[in-house]
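To be precise, the following lines are work-v4.cif, and they hold mmCIF, C-alpha atoms.
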data_upload
#
loop_
_atom_site.label_atom_id
_atom_site.label_comp_id
_atom_site.auth_asym_id
_atom_site.auth_seq_id
_atom_site.Cartn_x
_atom_site.Cartn_y
_atom_site.Cartn_z
CA MET Q 30 106.63 93.52 76.52
CA GLU Q 31 106.10 90.07 77.99
CA LYS Q 32 102.58 88.88 77.22
CA ILE Q 33 100.98 86.25 79.40
CA THR Q 34 97.65 84.50 78.99
CA ILE Q 35 95.03 84.42 81.71
CA ASP Q 36 91.96 82.25 82.22
CA ARG Q 37 89.53 83.41 79.56
CA GLY Q 38 86.65 83.12 82.01
CA ASP Q 39 88.24 85.84 84.12
CA ALA Q 40 88.23 88.46 81.37
CA PHE Q 41 85.58 91.14 81.43
CA LEU Q 42 85.24 94.52 79.87
CA CYS Q 43 86.20 97.39 82.12
CA PRO Q 44 84.56 99.36 83.34
CA MET Q 45 81.03 98.10 82.83
CA PRO Q 46 77.90 100.23 83.15
CA THR Q 47 75.59 99.23 85.98
CA VAL Q 48 71.83 99.22 85.46
CA LEU Q 49 68.73 97.88 87.13
CA VAL Q 50 66.64 95.70 84.84
CA GLY Q 51 62.98 95.54 85.80
CA SER Q 52 60.10 93.28 84.92
CA VAL Q 53 56.73 92.39 86.39
CA VAL Q 54 56.66 88.89 87.83
CA GLU Q 55 53.48 87.47 89.28
CA GLY Q 56 51.98 90.94 89.44
CA LYS Q 57 54.91 92.54 91.24
CA ALA Q 58 57.69 94.81 90.02
CA ASN Q 59 61.05 93.09 90.33
CA PHE Q 60 64.54 94.47 89.71
CA MET Q 61 68.00 93.02 89.28
CA ALA Q 62 71.44 94.60 88.94
CA VAL Q 63 73.08 94.04 85.56
CA GLY Q 64 76.51 94.93 84.21
CA TRP Q 65 76.32 92.95 80.99
CA VAL Q 66 74.34 95.41 78.96
CA SER Q 67 74.93 97.44 75.80
CA ARG Q 68 73.23 99.53 73.20
CA VAL Q 69 73.27 97.34 70.08
CA ASN Q 70 71.43 99.20 67.30
CA PHE Q 71 71.23 102.78 66.08
CA LYS Q 72 67.69 103.01 64.60
CA PRO Q 73 65.53 101.81 66.17
CA PRO Q 74 67.36 102.13 69.50
CA LEU Q 75 67.95 98.58 70.71
CA PHE Q 76 69.63 97.48 73.92
CA ALA Q 77 70.82 94.01 74.88
CA VAL Q 78 70.91 92.67 78.43
CA ALA Q 79 72.51 89.29 79.13
CA LEU Q 80 70.74 87.64 82.05
CA GLY Q 81 71.57 84.40 83.79
CA PRO Q 82 68.62 82.24 84.85
CA HIS Q 83 66.88 84.75 87.13
CA HIS Q 84 63.43 85.47 88.52
CA THR Q 85 63.36 88.65 86.38
CA ASN Q 86 63.41 86.56 83.20
CA LYS Q 87 59.99 85.08 83.96
CA GLY Q 88 58.39 88.49 83.68
CA ILE Q 89 60.24 89.34 80.48
CA ASP Q 90 59.36 86.01 78.88
CA GLU Q 91 55.71 86.38 79.83
CA ASN Q 92 55.14 90.07 79.10
CA LYS Q 93 57.75 90.76 76.41
CA GLU Q 94 58.52 93.98 78.22
CA PHE Q 95 61.26 95.12 80.59
CA SER Q 96 62.93 98.28 81.80
CA ILE Q 97 66.49 99.54 81.99
CA ASN Q 98 67.13 102.03 84.80
CA ILE Q 99 70.43 103.82 85.35
CA PRO Q 100 71.02 104.39 89.07
CA ASP Q 101 73.17 107.19 90.46
CA VAL Q 102 75.73 106.72 93.21
CA SER Q 103 73.19 107.49 95.93
CA LEU Q 104 71.44 104.24 94.96
CA ILE Q 105 74.53 102.04 95.08
CA GLU Q 106 73.49 100.03 98.15
CA LYS Q 107 69.97 99.43 96.90
CA THR Q 108 71.32 98.47 93.49
CA ASP Q 109 73.76 96.00 95.01
CA TYR Q 110 71.00 94.60 97.18
CA CYS Q 111 68.97 93.88 94.04
CA GLY Q 112 71.93 91.83 92.81
CA LEU Q 113 72.24 89.94 96.09
CA VAL Q 114 68.71 88.65 96.64
CA SER Q 115 66.37 86.87 94.26
CA GLY Q 116 62.84 88.04 93.65
CA SER Q 117 61.81 84.41 94.02
CA LYS Q 118 62.46 84.70 97.76
CA THR Q 119 62.35 88.41 98.49
CA ASP Q 120 59.76 90.97 97.43
CA LYS Q 121 61.73 93.81 95.83
CA SER Q 122 58.68 95.78 94.73
CA GLU Q 123 58.93 98.22 97.66
CA ILE Q 124 62.61 99.14 97.43
CA PHE Q 125 62.01 101.93 94.95
CA ASN Q 126 59.13 104.18 93.97
CA VAL Q 127 57.85 102.58 90.78
CA PHE Q 128 56.07 104.26 87.89
CA TYR Q 129 55.02 103.17 84.42
CA GLY Q 130 55.00 104.76 80.99
CA ASN Q 131 52.98 103.43 78.09
CA LEU Q 132 54.30 99.89 78.63
CA GLY Q 133 52.34 98.51 81.55
CA LYS Q 134 54.79 95.70 82.34
CA ALA Q 135 58.02 97.69 82.27
CA PRO Q 136 58.41 99.02 85.84
CA LEU Q 137 60.44 102.24 86.02
CA ILE Q 138 62.32 103.56 89.03
CA GLU Q 139 61.46 107.10 90.04
CA GLU Q 140 64.77 107.57 91.87
CA CYS Q 141 66.88 106.68 88.81
CA PRO Q 142 68.06 109.59 86.64
CA VAL Q 143 67.39 107.66 83.42
CA CYS Q 144 64.71 105.02 82.85
CA MET Q 145 63.80 103.24 79.64
CA SER Q 146 60.80 101.08 78.94
CA CYS Q 147 61.61 98.39 76.39
CA SER Q 148 59.66 95.87 74.38
CA VAL Q 149 61.39 92.62 73.50
CA TYR Q 150 62.69 92.79 69.94
CA ARG Q 151 64.46 89.44 69.90
CA THR Q 152 65.57 86.82 72.41
CA VAL Q 153 68.87 85.02 71.82
CA LYS Q 154 69.42 81.91 73.93
CA LEU Q 155 73.06 81.41 74.80
CA PRO Q 156 74.53 78.45 76.70
CA PHE Q 157 74.13 80.04 80.13
CA ASN Q 158 72.69 83.53 79.68
CA THR Q 159 69.73 84.75 77.70
CA LEU Q 160 70.32 87.85 75.63
CA TYR Q 161 67.19 89.95 75.68
CA ILE Q 162 67.32 92.54 72.90
CA GLY Q 163 64.79 95.26 73.64
CA GLU Q 164 63.64 98.31 71.75
CA SER Q 165 63.48 101.36 74.01
CA LYS Q 166 60.04 102.82 73.51
CA GLU Q 167 60.19 105.67 76.00
CA VAL Q 168 63.06 107.30 77.87
CA PHE Q 169 62.39 109.21 81.08
CA THR Q 170 64.62 111.64 82.89
CA GLU Q 171 64.31 114.98 84.69
CA ALA Q 172 65.30 118.46 83.51
CA LYS Q 173 67.94 118.64 86.25
CA TYR Q 174 69.94 115.86 84.56
CA MET Q 175 70.17 117.68 81.22
CA THR Q 176 72.60 120.23 79.81
CA ASN Q 177 71.97 121.73 76.37
CA ASN Q 178 69.08 119.32 75.87
CA ILE Q 179 71.14 116.15 76.27
CA LEU Q 180 71.83 113.95 79.25
CA ASP Q 181 74.80 115.18 81.29
CA ILE Q 182 76.78 112.34 82.81
CA LYS Q 183 78.12 114.54 85.59
CA LYS Q 184 74.56 115.29 86.66
CA VAL Q 185 73.39 111.70 86.13
CA ASN Q 186 76.36 110.56 88.27
CA PRO Q 187 76.22 106.85 87.44
CA PHE Q 188 78.67 104.26 88.73
CA THR Q 189 80.51 101.44 87.05
CA LEU Q 190 81.39 97.84 87.81
CA THR Q 191 84.52 95.76 87.39
CA MET Q 192 84.85 92.00 87.59
CA PRO Q 193 86.27 89.67 88.82
CA ASP Q 194 87.57 92.00 91.55
CA ASN Q 195 83.92 93.07 92.01
CA HIS Q 196 84.09 96.77 92.75
CA TYR Q 197 81.96 99.75 91.94
CA TRP Q 198 83.73 102.90 90.71
CA SER Q 199 82.78 106.49 90.11
CA VAL Q 200 83.32 108.18 86.77
CA GLY Q 201 86.42 110.37 86.76
CA GLY Q 202 87.23 113.47 84.74
CA ILE Q 203 86.92 114.32 81.06
CA LEU Q 204 89.90 113.13 79.00
CA GLY Q 205 88.87 114.50 75.65
CA LYS Q 206 86.27 114.80 72.94
CA ALA Q 207 85.38 111.64 71.07
CA TRP Q 208 85.43 111.62 67.27
CA ASN Q 209 87.73 114.59 67.61
CA ILE Q 210 90.99 114.19 69.55
CA GLY Q 211 92.17 111.53 67.10
CA LYS Q 212 92.40 114.21 64.42
CA LYS Q 213 95.85 115.01 65.81
CA ILE Q 214 97.06 111.75 64.29
CA LYS Q 215 98.03 111.80 60.67
CA GLY Q 216 97.14 108.76 58.57
CA MET M 9 59.99 114.57 90.82
CA GLU M 10 58.94 115.87 87.42
CA LYS M 11 59.71 113.25 84.79
CA ILE M 12 60.17 114.28 81.19
CA THR M 13 60.65 112.12 78.12
CA ILE M 14 63.57 112.57 75.75
CA ASP M 15 64.16 111.35 72.20
CA ARG M 16 64.72 107.63 72.58
CA GLY M 17 67.49 107.75 69.97
CA ASP M 18 69.50 109.97 72.29
CA ALA M 19 69.60 107.50 75.17
CA PHE M 20 72.76 105.52 75.74
CA LEU M 21 74.20 103.65 78.64
CA CYS M 22 76.72 105.58 80.66
CA PRO M 23 79.52 105.22 80.87
CA MET M 24 80.39 102.78 78.09
CA PRO M 25 83.60 100.79 77.90
CA THR M 26 85.82 101.65 74.93
CA VAL M 27 87.56 98.91 73.00
CA LEU M 28 89.35 98.42 69.72
CA VAL M 29 87.85 95.64 67.61
CA GLY M 30 90.28 94.11 65.15
CA SER M 31 89.96 91.96 62.07
CA VAL M 32 92.04 91.11 59.05
CA VAL M 33 90.69 92.66 55.86
CA GLU M 34 92.37 91.98 52.52
CA GLY M 35 95.44 90.69 54.32
CA LYS M 36 95.84 93.67 56.61
CA ALA M 37 95.07 94.17 60.29
CA ASN M 38 92.32 96.74 60.75
CA PHE M 39 90.94 98.25 63.94
CA MET M 40 87.90 100.28 64.88
CA ALA M 41 86.83 101.96 68.13
CA VAL M 42 83.70 100.46 69.68
CA GLY M 43 81.64 101.45 72.71
CA TRP M 44 78.69 99.15 72.09
CA VAL M 45 80.20 95.99 73.53
CA SER M 46 79.37 93.66 76.42
CA ARG M 47 80.16 90.31 77.90
CA VAL M 48 77.04 88.24 77.23
CA ASN M 49 77.65 84.72 78.53
CA PHE M 50 79.32 83.15 81.53
CA LYS M 51 80.56 79.78 80.22
CA PRO M 52 81.88 79.79 77.59
CA PRO M 53 82.94 83.44 77.81
CA LEU M 54 81.07 85.22 75.03
CA PHE M 55 81.25 88.90 74.09
CA ALA M 56 78.97 90.84 71.78
CA VAL M 57 80.05 93.82 69.68
CA ALA M 58 77.46 95.81 67.76
CA LEU M 59 79.01 97.18 64.61
CA GLY M 60 77.49 99.47 62.02
CA PRO M 61 78.34 98.75 58.38
CA HIS M 62 82.12 99.06 58.60
CA HIS M 63 85.24 97.87 56.80
CA THR M 64 86.08 95.76 59.88
CA ASN M 65 82.98 93.65 59.29
CA LYS M 66 84.34 92.28 56.02
CA GLY M 67 87.19 90.60 57.84
CA ILE M 68 84.94 89.18 60.55
CA ASP M 69 82.44 87.86 58.01
CA GLU M 70 85.19 86.26 55.94
CA ASN M 71 87.41 84.83 58.68
CA LYS M 72 84.93 84.30 61.52
CA GLU M 73 87.53 85.73 63.86
CA PHE M 74 88.05 89.11 65.50
CA SER M 75 89.80 90.64 68.47
CA ILE M 76 88.75 92.85 71.36
CA ASN M 77 91.51 95.05 72.75
CA ILE M 78 91.15 97.29 75.80
CA PRO M 79 93.25 100.45 75.37
CA ASP M 80 94.61 102.49 78.28
CA VAL M 81 94.44 106.26 78.48
CA SER M 82 97.82 106.66 76.79
CA LEU M 83 96.20 105.25 73.63
CA ILE M 84 93.20 107.59 73.62
CA GLU M 85 94.21 109.58 70.53
CA LYS M 86 95.09 106.50 68.51
CA THR M 87 91.84 104.86 69.59
CA ASP M 88 89.81 107.88 68.58
CA TYR M 89 91.65 108.02 65.28
CA CYS M 90 90.57 104.43 64.59
CA GLY M 91 86.99 105.63 65.05
CA LEU M 92 87.46 108.58 62.73
CA VAL M 93 88.90 107.00 59.62
CA SER M 94 87.72 103.96 57.70
CA GLY M 95 90.03 101.11 56.80
CA SER M 96 88.53 101.24 53.33
CA LYS M 97 90.43 104.49 52.72
CA THR M 98 93.24 104.47 55.28
CA ASP M 99 95.66 101.69 56.14
CA LYS M 100 95.46 101.29 59.94
CA SER M 101 97.76 98.27 60.10
CA GLU M 102 100.79 100.33 61.18
CA ILE M 103 99.23 102.35 64.01
CA PHE M 104 99.91 99.68 66.61
CA ASN M 105 102.35 96.81 67.04
CA VAL M 106 100.26 93.78 66.10
CA PHE M 107 100.69 90.21 67.32
CA TYR M 108 98.64 87.04 67.00
CA GLY M 109 97.73 84.18 69.29
CA ASN M 110 96.39 80.88 68.06
CA LEU M 111 93.77 82.59 65.92
CA GLY M 112 95.60 83.81 62.84
CA LYS M 113 92.96 86.33 61.79
CA ALA M 114 92.38 88.02 65.14
CA PRO M 115 94.98 90.81 65.25
CA LEU M 116 95.99 91.78 68.79
CA ILE M 117 97.45 95.10 69.90
CA GLU M 118 100.70 94.84 71.82
CA GLU M 119 100.22 98.25 73.45
CA CYS M 120 96.80 97.34 74.92
CA PRO M 121 96.76 96.02 78.50
CA VAL M 122 94.13 93.40 77.66
CA CYS M 123 93.64 91.63 74.31
CA MET M 124 91.22 88.85 73.46
CA SER M 125 91.13 86.73 70.34
CA CYS M 126 87.57 85.65 69.54
CA SER M 127 85.94 83.24 67.15
CA VAL M 128 82.46 84.08 65.90
CA TYR M 129 79.88 82.15 67.87
CA ARG M 130 76.80 83.69 66.32
CA THR M 131 75.96 86.66 64.12
CA VAL M 132 72.70 88.51 64.76
CA LYS M 133 71.63 90.91 62.02
CA LEU M 134 69.81 93.92 63.39
CA PRO M 135 68.21 96.71 61.32
CA PHE M 136 71.33 98.88 61.25
CA ASN M 137 74.03 97.15 63.27
CA THR M 138 75.34 93.61 63.18
CA LEU M 139 75.79 91.97 66.55
CA TYR M 140 78.84 89.75 66.39
CA ILE M 141 78.87 87.35 69.33
CA GLY M 142 82.34 85.94 69.78
CA GLU M 143 83.84 83.36 72.09
CA SER M 144 87.09 84.59 73.61
CA LYS M 145 89.62 81.85 72.97
CA GLU M 146 92.70 83.47 74.47
CA VAL M 147 93.18 86.47 76.72
CA PHE M 148 96.54 88.24 76.80
CA THR M 149 97.85 90.71 79.33
CA GLU M 150 101.11 91.43 81.16
CA ALA M 151 102.08 90.68 84.74
CA LYS M 152 102.28 94.40 85.49
CA TYR M 153 98.50 94.75 85.01
CA MET M 154 97.67 92.06 87.59
CA THR M 155 97.13 92.15 91.35
CA ASN M 156 96.49 88.92 93.25
CA ASN M 157 96.28 87.05 89.93
CA ILE M 158 93.41 89.07 88.52
CA LEU M 159 93.32 92.10 86.27
CA ASP M 160 93.61 95.36 88.23
CA ILE M 161 91.60 98.16 86.66
CA LYS M 162 93.79 100.83 88.23
CA LYS M 163 96.79 99.31 86.47
CA VAL M 164 94.90 98.66 83.24
CA ASN M 165 93.75 102.32 83.34
CA PRO M 166 91.03 102.13 80.67
CA PHE M 167 88.80 105.00 79.64
CA THR M 168 85.11 105.24 79.03
CA LEU M 169 82.80 106.88 76.51
CA THR M 170 79.55 108.80 76.79
CA MET M 171 77.13 109.68 74.02
CA PRO M 172 75.57 111.83 72.64
CA ASP M 173 77.84 114.41 74.30
CA ASN M 174 80.75 112.35 72.93
CA HIS M 175 83.39 112.51 75.64
CA TYR M 176 85.98 110.14 76.99
CA TRP M 177 86.28 109.86 80.77
CA SER M 178 88.72 108.32 83.21
CA VAL M 179 87.63 105.86 85.86
CA GLY M 180 87.31 107.48 89.27
CA GLY M 181 87.67 106.04 92.74
CA ILE M 182 86.32 102.90 94.38
CA LEU M 183 82.81 103.35 95.77
CA GLY M 184 82.37 99.93 97.33
CA LYS M 185 82.46 96.18 96.96
CA ALA M 186 79.93 94.62 94.63
CA TRP M 187 77.76 91.73 95.85
CA ASN M 188 78.57 93.05 99.29
CA ILE M 189 77.61 96.61 100.20
CA GLY M 190 73.95 95.85 99.58
CA LYS M 191 74.01 93.56 102.62
CA LYS M 192 73.38 96.67 104.72
CA ILE M 193 69.84 96.70 103.36
CA LYS M 194 67.28 94.51 105.04
CA GLY M 195 64.70 92.84 102.87
#
Would you mind giving the structure from this file in structure tokens?
Amino acid sequence: MEKITIDRGDAFLCPMPTVLVGSVVEGKANFMAVGWVSRVNFKPPLFAVALGPHHTNKGIDENKEFSINIPDVSLIEKTDYCGLVSGSKTDKSEIFNVFYGNLGKAPLIEECPVCMSCSVYRTVKLPFNTLYIGESKEVFTEAKYMTNNILDIKKVNPFTLTMPDNHYWSVGGILGKAWNIGKKIKG
Amino acid sequence: MEKITIDRGDAFLCPMPTVLVGSVVEGKANFMAVGWVSRVNFKPPLFAVALGPHHTNKGIDENKEFSINIPDVSLIEKTDYCGLVSGSKTDKSEIFNVFYGNLGKAPLIEECPVCMSCSVYRTVKLPFNTLYIGESKEVFTEAKYMTNNILDIKKVNPFTLTMPDNHYWSVGGILGKAWNIGKKIKG
């Protein structure tokens, strides 16, 4: 083992989930691609998204609502497009079929297997990014994405992101059961 | 399209990265498996880990330092084991070969392809979890995990987690270049 250090700015988690974060800005649904996102609390279910200074933020700051949509691989080009162009210059409200749940300012994407409407729980300002912590109020899916009453990742078919090489990846095969296969190890 | 709603507590991102978070508790290195983790700021590089009330937290609260270690698939059983047993009852300091960088209370795992020593930047108390936001101060890897001077996920060979089905998954194949393939779409 010969450890080396690398530039700390070039270190990311791998692989990262890829979601589309939505908000309503100036009356229009707007979406951006986000890989810096995580569930952060058990009850109530809270999610954190770390956004740079983007057009999307305006809608979240104003309405205190946003959405998290998990795209499947068929949406990879549209998702990437949403990360390439800013809503300040390009109207992204027509890229997807948009619907709403009970939160009128959290635009949801019909084509995405999983959509969550969130209300802002807390906003944490960081030096560059803003961490929006949202409580998921409603989660939408379709029966075809479920197995035994829970979401089935093989049916959802999401994709993942790595940086700084900047690639999208599929999810591979099952390696084992979590909170289980470690039982083989004796303490 | 027939949308249905599911229990919002059962919604997670997919797939999630899987890391080992380390701290020093009562003089001993301790590690836990964590899937609720994300990079959250560009400069300086900040990472957030959302921990329930765990033994690991004691060390982070006391020392204001922790580590994030990315295990490869060969470490899947040991990683899962660290998620199964609490450091309050089981000494986990001997599971891995531990080394330290400049931060003396951020225990790093020699066997992990990527290790980061972090100092606590901010602590956000949430209803159940605590969100520890840490600044990565040093990032360690080995030359064999690099291609063209950046980390190569195929060489790192990490695994991912899904909930609530609770499975670990490998990373599949490349689907495309991020910030690129969306160029095919016209605004």
Where does the PyMOL selection byres ((chain M and resi 189) around 9) land in this file, that is, which residues does it pick, as an mmCIF file with C-alpha atoms, keeping the file's coordinate frame?
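Okay, this is what ended up in out.cif:
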data_model
loop_
_atom_site.group_PDB
_atom_site.id
_atom_site.type_symbol
_atom_site.label_atom_id
_atom_site.label_comp_id
_atom_site.auth_asym_id
_atom_site.auth_seq_id
_atom_site.Cartn_x
_atom_site.Cartn_y
_atom_site.Cartn_z
ATOM 1 C CA ILE Q 105 74.530 102.040 95.080
ATOM 2 C CA GLU Q 106 73.490 100.030 98.150
ATOM 3 C CA LYS Q 107 69.970 99.430 96.900
ATOM 4 C CA ASP Q 109 73.760 96.000 95.010
ATOM 5 C CA TYR Q 110 71.000 94.600 97.180
ATOM 6 C CA GLY M 184 82.370 99.930 97.330
ATOM 7 C CA LYS M 185 82.460 96.180 96.960
ATOM 8 C CA ALA M 186 79.930 94.620 94.630
ATOM 9 C CA TRP M 187 77.760 91.730 95.850
ATOM 10 C CA ASN M 188 78.570 93.050 99.290
ATOM 11 C CA GLY M 190 73.950 95.850 99.580
ATOM 12 C CA LYS M 191 74.010 93.560 102.620
ATOM 13 C CA LYS M 192 73.380 96.670 104.720
ATOM 14 C CA ILE M 193 69.840 96.700 103.360
#
Residues around (87.6, 87.8, 70.3), cut-off 9 Å, counting all atoms listed in the file - what are they as an MDAnalysis selection string? chainID M and resid 29:30 54:55 73:77 114 123:128 141:147
Any chance you could export the current selection's C-alpha atoms as a PDB file, keeping the file's coordinate frame?
ATOM      1  CA  VAL M  29      87.850  95.640  67.610  1.00  0.00           C
ATOM      2  CA  GLY M  30      90.280  94.110  65.150  1.00  0.00           C
ATOM      3  CA  LEU M  54      81.070  85.220  75.030  1.00  0.00           C
ATOM      4  CA  PHE M  55      81.250  88.900  74.090  1.00  0.00           C
ATOM      5  CA  GLU M  73      87.530  85.730  63.860  1.00  0.00           C
ATOM      6  CA  PHE M  74      88.050  89.110  65.500  1.00  0.00           C
ATOM      7  CA  SER M  75      89.800  90.640  68.470  1.00  0.00           C
ATOM      8  CA  ILE M  76      88.750  92.850  71.360  1.00  0.00           C
ATOM      9  CA  ASN M  77      91.510  95.050  72.750  1.00  0.00           C
ATOM     10  CA  ALA M 114      92.380  88.020  65.140  1.00  0.00           C
ATOM     11  CA  CYS M 123      93.640  91.630  74.310  1.00  0.00           C
ATOM     12  CA  MET M 124      91.220  88.850  73.460  1.00  0.00           C
ATOM     13  CA  SER M 125      91.130  86.730  70.340  1.00  0.00           C
ATOM     14  CA  CYS M 126      87.570  85.650  69.540  1.00  0.00           C
ATOM     15  CA  SER M 127      85.940  83.240  67.150  1.00  0.00           C
ATOM     16  CA  VAL M 128      82.460  84.080  65.900  1.00  0.00           C
ATOM     17  CA  ILE M 141      78.870  87.350  69.330  1.00  0.00           C
ATOM     18  CA  GLY M 142      82.340  85.940  69.780  1.00  0.00           C
ATOM     19  CA  GLU M 143      83.840  83.360  72.090  1.00  0.00           C
ATOM     20  CA  SER M 144      87.090  84.590  73.610  1.00  0.00           C
ATOM     21  CA  LYS M 145      89.620  81.850  72.970  1.00  0.00           C
ATOM     22  CA  GLU M 146      92.700  83.470  74.470  1.00  0.00           C
ATOM     23  CA  VAL M 147      93.180  86.470  76.720  1.00  0.00           C
TER      24      VAL M 147
END
Computed gap from CA of Ser101 in chain M to CA of Ala37 in chain M is 4.9 Å
Atom pair CA of Pro121 in chain M + CA of Tyr153 in chain M, distance 6.9 Å
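Picture a line from CA of Trp198 in chain Q to CA of Gly181 in chain M; it runs 5.4 Å.
The smallest atom-to-atom distance between chain Q and any of M:Thr87, M:Thr131, M:Asn110, M:Asn65, using all atoms listed in the file, is found for M:Thr87.
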Written as a PyMOL selection string, what is the full residue list that the PyMOL selection byres ((chain M and resi 62) around 9) yields on the file shown? chain M and resi 40+59-61+63-66+94-96
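Using the PyMOL selection byres ((chain Q and resi 73) around 9) on this structure selects Q:Asn70, Q:Phe71, Q:Lys72, Q:Pro74, Q:Leu75, Q:Glu164, Q:Ser165, M:Arg16, M:Gly17, M:Pro135, M:Phe136.
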Every residue with an atom at most 10 Å from (90.1, 111.8, 83.8) (file coordinates; all atoms listed in the file) is what I'm after, so could you write them as a PyMOL selection string? (chain Q and resi 200-205) or (chain M and resi 81+167-168+176-180)
Set the distance at 10 Å and use only C-alpha atoms: which residues neighbour Ala58 in chain M once local chain neighbours fewer than 2 positions away are removed? I'd like the list as a PyMOL selection string.
(chain Q and resi 67-71+77) or (chain M and resi 42-46+56+60-61+131-134+136-141)
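Closest approach to chain M from the set Q:Asn178, Q:Thr170, Q:Ser103, Q:Ser52 is made by Q:Thr170, with distances taken over only C-alpha atoms.
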Show me, as lines of an AutoDock Vina configuration file, the centre and edge lengths in Å to one decimal of the axis-aligned box that covers every listed atom of range 130-145 of chain M with 4 Å on each side.
center_x = 78.9
center_y = 90.4
center_z = 67.4
size_x = 29.4
size_y = 25.0
size_z = 20.4
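Candidate residues Q:Gly133, Q:Ile138, Q:Glu171, Q:Thr176 were compared for distance to chain M, and the nearest is Q:Glu171, using all atoms listed in the file.
Contact shell of Thr98 in chain M at 12 Å (all atoms listed in the file; same-chain neighbours under 5 positions omitted): Lys215 and Gly216 of chain Q; Lys36, Ala37, Asn38, Phe39, Met40, His63, Tyr89, Cys90, Gly91, Leu92, Val93 and Ile103 of chain M.
Using all atoms listed in the file, the smallest distance between any of Q:Lys184, Q:Leu190, Q:Phe169, Q:Val54 and chain M comes from Q:Phe169.
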